[in-house]
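Shown next: model08.txt, containing compact mmCIF, C-alpha atoms.
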# COMPACT_ATOMS: atom_id res chain seq x y z
CA MET A 1 45.49 155.08 156.33
CA ALA A 2 44.81 157.06 159.49
CA LEU A 3 44.87 156.91 163.25
CA THR A 4 42.11 155.00 165.00
CA LYS A 5 39.27 157.30 166.02
CA THR A 6 38.85 157.93 169.74
CA SER A 7 35.21 156.90 169.42
CA GLU A 8 36.13 153.34 168.37
CA SER A 9 35.66 150.35 170.66
CA SER A 10 38.50 148.80 172.65
CA GLY A 11 38.34 145.78 170.35
CA LYS A 12 38.95 147.96 167.28
CA CYS A 13 41.86 149.65 169.05
CA ILE A 14 43.43 146.28 169.86
CA ARG A 15 43.11 145.06 166.26
CA ASP A 16 44.53 148.27 164.82
CA GLY A 17 47.23 148.38 167.49
CA ARG A 18 48.35 144.85 166.70
CA TYR A 19 48.92 145.78 163.06
CA THR A 20 50.80 148.96 163.94
CA ARG A 21 52.91 147.24 166.58
CA SER A 22 53.82 144.42 164.20
CA LYS A 23 54.59 146.84 161.37
CA VAL A 24 56.88 148.88 163.61
CA LYS A 25 58.68 145.72 164.79
CA ALA A 26 59.08 144.52 161.20
CA ASN A 27 60.94 147.65 160.11
CA LYS A 28 64.62 147.73 161.09
CA LYS A 29 64.56 151.51 161.38
CA THR A 30 61.51 151.63 163.66
CA LYS A 31 61.60 148.46 165.77
CA ALA A 32 63.15 150.36 168.68
CA LEU A 33 59.91 152.36 168.88
CA GLU A 34 57.81 149.24 169.53
CA PRO A 35 57.47 149.87 173.31
CA VAL A 36 55.75 153.20 172.62
CA ILE A 37 52.63 151.35 171.50
CA GLY A 38 53.50 147.90 172.84
CA ILE A 39 53.15 148.79 176.52
CA ALA A 40 49.79 150.51 175.99
CA GLN A 41 48.62 147.65 173.78
CA VAL A 42 49.34 145.01 176.41
CA LYS A 43 47.71 147.07 179.17
CA LEU A 44 44.56 147.64 177.13
CA LYS A 45 44.30 143.94 176.30
CA GLN A 46 44.64 143.07 180.00
CA THR A 47 41.88 145.50 180.98
CA ILE A 48 39.62 144.11 178.24
CA ASP A 49 40.17 140.58 179.56
CA ALA A 50 39.45 141.78 183.10
CA ARG A 51 36.25 143.50 181.98
CA ILE A 52 35.09 140.39 180.10
CA ALA A 53 35.73 138.27 183.20
CA ALA A 54 33.84 140.78 185.35
CA ASP A 55 30.96 140.80 182.88
CA ASP A 56 30.80 136.99 182.93
CA ALA A 57 30.72 137.04 186.73
CA ALA A 58 27.98 139.69 186.74
CA ILE A 59 25.87 137.61 184.34
CA ASP A 60 26.34 134.52 186.52
CA ALA A 61 25.41 136.50 189.64
CA ARG A 62 22.28 137.87 187.96
CA ALA A 63 21.23 134.35 186.94
CA GLU A 64 21.76 133.13 190.52
CA GLN A 65 19.74 136.01 191.91
CA ASP A 66 16.91 135.39 189.44
CA ALA A 67 16.83 131.68 190.35
CA ARG A 68 16.68 132.42 194.06
CA GLU A 69 13.97 135.02 193.54
CA GLU A 70 11.94 132.49 191.57
CA ASP A 71 12.31 130.09 194.51
CA LEU A 72 11.06 132.82 196.83
CA GLN A 73 8.09 133.55 194.62
CA ASP A 74 7.26 129.85 194.50
CA GLU A 75 7.38 129.64 198.30
CA GLN A 76 5.16 132.68 198.59
CA GLY A 77 2.72 130.94 196.26
CA VAL A 78 2.65 127.94 198.58
CA LEU A 79 2.00 130.16 201.60
CA SER A 80 -0.67 132.06 199.68
CA ALA A 81 -2.52 128.80 198.96
CA LYS A 82 -2.27 127.72 202.60
CA LEU A 83 -3.63 131.05 203.85
CA PHE A 84 -6.47 130.86 201.36
CA GLY A 85 -7.24 127.35 202.56
CA GLU A 86 -7.40 128.57 206.15
CA SER A 87 -9.49 131.66 205.46
CA GLY A 88 -11.46 130.71 202.36
CA SER A 89 -11.00 134.15 200.83
CA TYR A 90 -8.23 136.26 199.33
CA ASP A 91 -9.91 139.28 200.87
CA SER A 92 -10.01 137.88 204.38
CA GLU A 93 -8.25 139.65 207.23
CA LEU A 94 -5.98 136.63 207.68
CA TYR A 95 -4.88 136.55 204.07
CA ARG A 96 -4.51 140.32 203.64
CA GLY A 97 -2.66 140.46 206.93
CA VAL A 98 0.21 138.60 205.27
CA PHE A 99 -0.24 139.46 201.59
CA GLU A 100 -1.40 143.02 201.12
CA LEU A 101 -0.60 142.26 197.50
CA ALA A 102 -1.01 138.75 196.12
CA PRO A 103 2.28 137.04 195.11
CA SER A 104 1.28 137.29 191.44
CA LYS A 105 1.01 141.07 191.78
CA ILE A 106 4.26 141.35 193.73
CA ALA A 107 6.06 139.49 190.94
CA VAL A 108 5.30 142.17 188.33
CA LEU A 109 6.49 145.13 190.42
CA GLY A 110 9.79 146.87 189.77
CA GLU A 111 12.79 145.34 191.54
CA GLU A 112 12.97 147.80 194.43
CA ASP A 113 9.20 147.62 195.01
CA ARG A 114 9.36 143.82 194.93
CA ARG A 115 12.10 143.83 197.54
CA LYS A 116 10.01 146.05 199.81
CA ALA A 117 7.01 143.79 199.34
CA TYR A 118 9.05 140.70 200.22
CA VAL A 119 10.18 142.36 203.45
CA ALA A 120 6.59 143.36 204.25
CA VAL A 121 5.51 139.73 203.90
CA ASN A 122 8.31 138.63 206.21
CA THR A 123 7.31 141.25 208.77
CA ALA A 124 3.73 140.00 208.66
CA ILE A 125 4.86 136.39 209.07
CA ALA A 126 6.84 137.39 212.17
CA LYS A 127 3.59 138.52 213.78
CA GLY A 128 2.28 134.96 213.50
CA VAL A 129 0.37 132.71 211.11
CA PRO A 130 -1.96 129.75 211.74
CA LYS A 131 -0.12 126.60 212.79
CA ALA A 132 -1.07 124.86 209.55
CA CYS A 133 0.68 127.64 207.64
CA GLU A 134 3.91 127.67 209.67
CA PRO A 135 5.88 125.24 207.46
CA ALA A 136 5.03 127.29 204.37
CA ALA A 137 5.93 130.50 206.22
CA LYS A 138 9.31 129.05 207.19
CA GLY A 139 9.85 128.16 203.54
CA VAL A 140 9.26 131.80 202.58
CA LEU A 141 11.69 133.09 205.20
CA ALA A 142 14.41 130.63 204.18
CA ALA A 143 13.97 131.40 200.49
CA HIS A 144 14.11 135.12 201.22
CA GLY A 145 17.41 134.64 203.04
CA ASP A 146 18.88 132.87 200.02
CA TYR A 147 17.53 135.56 197.70
CA THR A 148 18.95 138.36 199.82
CA LYS A 149 22.37 136.73 199.76
CA ALA A 150 22.22 136.31 195.98
CA TYR A 151 21.07 139.92 195.58
CA GLY A 152 24.08 141.15 197.55
CA ALA A 153 26.43 139.03 195.46
CA ARG A 154 24.91 140.40 192.26
CA GLU A 155 25.28 143.99 193.47
CA ALA A 156 28.92 143.31 194.31
CA ALA A 157 29.54 141.74 190.89
CA ASP A 158 27.92 144.72 189.17
CA GLY A 159 30.21 147.02 191.14
CA VAL A 160 33.28 145.08 190.03
CA LEU A 161 32.08 145.32 186.44
CA ARG A 162 31.58 149.08 186.67
CA ASP A 163 35.10 149.48 188.03
CA ALA A 164 36.50 147.24 185.28
CA GLU A 165 34.75 149.33 182.63
CA LYS A 166 36.26 152.53 184.05
CA ILE A 167 39.75 150.98 184.13
CA GLU A 168 39.36 149.81 180.55
CA ALA A 169 38.22 153.27 179.43
CA LYS A 170 41.31 154.81 181.06
CA ALA A 171 43.58 152.26 179.38
CA ARG A 172 41.89 152.98 176.05
CA ASP A 173 42.58 156.71 176.49
CA GLU A 174 46.20 155.91 177.27
CA TRP A 175 46.34 153.73 174.16
CA HIS A 176 45.14 156.63 172.00
CA THR A 177 47.78 158.86 173.56
CA ALA A 178 50.46 156.24 172.84
CA ILE A 179 49.42 155.81 169.21
CA ARG A 180 49.67 159.56 168.67
CA GLN A 181 53.04 159.69 170.40
CA LEU A 182 54.20 156.92 168.08
CA LYS A 183 53.05 158.85 165.05
CA ALA A 184 54.97 161.89 166.26
CA GLN A 185 58.14 159.84 166.71
CA LEU A 186 57.71 158.22 163.31
CA THR A 187 57.30 161.69 161.82
CA ASN A 188 60.60 162.73 163.43
CA LEU A 189 62.23 159.62 162.00
CA PHE A 190 60.79 160.18 158.54
CA PRO A 191 60.49 163.97 158.15
CA ARG A 192 58.62 165.23 155.08
CA GLN A 193 57.41 161.67 154.39
CA PRO A 194 53.82 161.67 155.71
CA LYS A 195 52.74 158.85 153.40
CA LYS A 196 55.49 156.61 154.73
CA VAL A 197 54.45 157.40 158.31
CA LEU A 198 50.83 156.52 157.60
CA ARG A 199 51.85 153.12 156.23
CA PHE A 200 52.41 152.02 159.82
CA PHE A 201 48.71 152.38 160.53
CA PRO A 202 45.95 150.09 159.18
CA ALA A 203 43.89 151.32 156.26
CA PRO A 204 40.21 151.98 157.08
CA ALA A 205 37.72 149.44 155.79
CA LYS A 206 36.41 150.32 152.35
CA GLY A 207 32.68 150.29 151.73
CA LYS A 208 31.44 148.27 148.76
CA LYS A 209 30.29 150.32 145.81
CA LYS A 210 26.74 149.82 144.66
CA GLY A 211 25.77 149.15 141.09
CA PRO A 212 22.99 150.84 139.11
CA GLU A 213 19.80 151.57 141.05
CA GLY A 214 21.36 150.46 144.34
CA GLU A 215 22.18 146.95 143.11
CA PRO A 216 25.44 145.43 144.41
CA PRO A 217 28.28 145.35 141.85
CA LYS A 218 28.65 142.21 139.76

Will you turn the file into structure tokens for me?
Amino acid sequence: MALTKTSESSGKCIRDGRYTRSKVKANKKTKALEPVIGIAQVKLKQTIDARIAADDAAIDARAEQDAREEDLQDEQGVLSAKLFGESGSYDSELYRGVFELAPSKIAVLGEEDRRKAYVAVNTAIAKGVPKACEPAAKGVLAAHGDYTKAYGAREAADGVLRDAEKIEAKARDEWHTAIRQLKAQLTNLFPRQPKKVLRFFPAPAKGKKKGPEGEPPK
């Protein structure tokens, strides 16, 4: 039996802390010490829950952004086809004036480069397209607006998640401090009885012994 390592996950700390907290409460001589770990335990659990909620929101925001970007790429594909129909060539001045890179090539760029390419297409559209292409061009602009909004929401959600992770890490550090303070107080309560003190902490998981030649034991 030993204290939880500082390198362990928050989940491991919570599981170990629950055992220790319950063991302290179950002993008539130590139950008054329960708040030493109890307060830190509750705080850590709350920050874990907050981080999980923030992570869920970030995942949802990423999915929304991806869906809106796919819409944008689809709309660019429609405009690309219309421009090709008007010019008859992907290398024509009309086509290249809007799509320096074809939509299929834009789609495989890194995120920041894609965003720049989307804006470049919008800028080109603002300079004017053939009348037959205007509905498709409006579709691109509208889809880009939706994508931009979703991108901003995703960035915000990622920021909330980063903050939640930092708060959880701080609470985990405080939990480790509390568990060590508890051990010190238990040591004062049971001087010269280190084995008794360690009984308040969960035993580490034991690895299974292997049989001959690496075979599992029977």

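Residues with any atom within 8 Å of Gly139 (chain A), counting all atoms listed in the file and excluding same-chain neighbours fewer than 4 positions away, are Glu75, Pro135 and Ala143 of chain A.
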
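With only C-alpha atoms taken into account, the protein and nucleic acid residues at most 10 Å from Lys43 (chain A) (excluding it and anything under 3 positions from it in its own chain) are Gly38, Ile39, Ala40, Gln46, Thr47, Ile48, Asp49, Glu168, Ala171, Arg172, Glu174 and Trp175 of chain A.
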
I'd like the interatomic distance between CA of Val42 (chain A) and CA of Arg199 (chain A), to a tenth of an Å. 21.9 Å

Within 12 Å of Ala81 (chain A), counting only C-alpha atoms, which residues qualify if same-chain residues fewer than 5 places away don't, as a VMD selection string? chain A and resid 74 to 76 86 to 90 95 98 to 99 102 to 104 132 to 133 136 to 137

Tell me which protein, DNA and RNA residues are within 9 Å of region 9-11 of chain A, counting all atoms listed in the file, leaving out same-chain ones fewer than 2 positions away, and put them as a list of chain:residue names. A:Thr6, A:Ser7, A:Cys13, A:Ile14, A:Arg15, A:Asp16, A:Leu44, A:Lys45, A:Ile48, A:Glu168, A:Ala169, A:Arg172

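Closest approach to Glu34 (chain A) among A:Asp173, A:Ile167, A:Arg18, A:Asp71: A:Arg18, based on all atoms listed in the file.
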
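Our summary of the geometry notes that CA of Asp146 (chain A) is positioned 17.1 Å from CA of Ile125 (chain A).
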
At a cut-off of 12 Å, using all atoms listed in the file, what residues contact Ala2 (chain A)? Leave out same-chain residues fewer than 6 positions from it and give the result as a PyMOL selection string. chain A and resi 16+20+179-180+183+194-205

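Comparing A:Ile52, A:Val78, A:Val119, A:Leu186 by their smallest distance to Thr148 (chain A), the closest is A:Val119 (using all atoms listed in the file).
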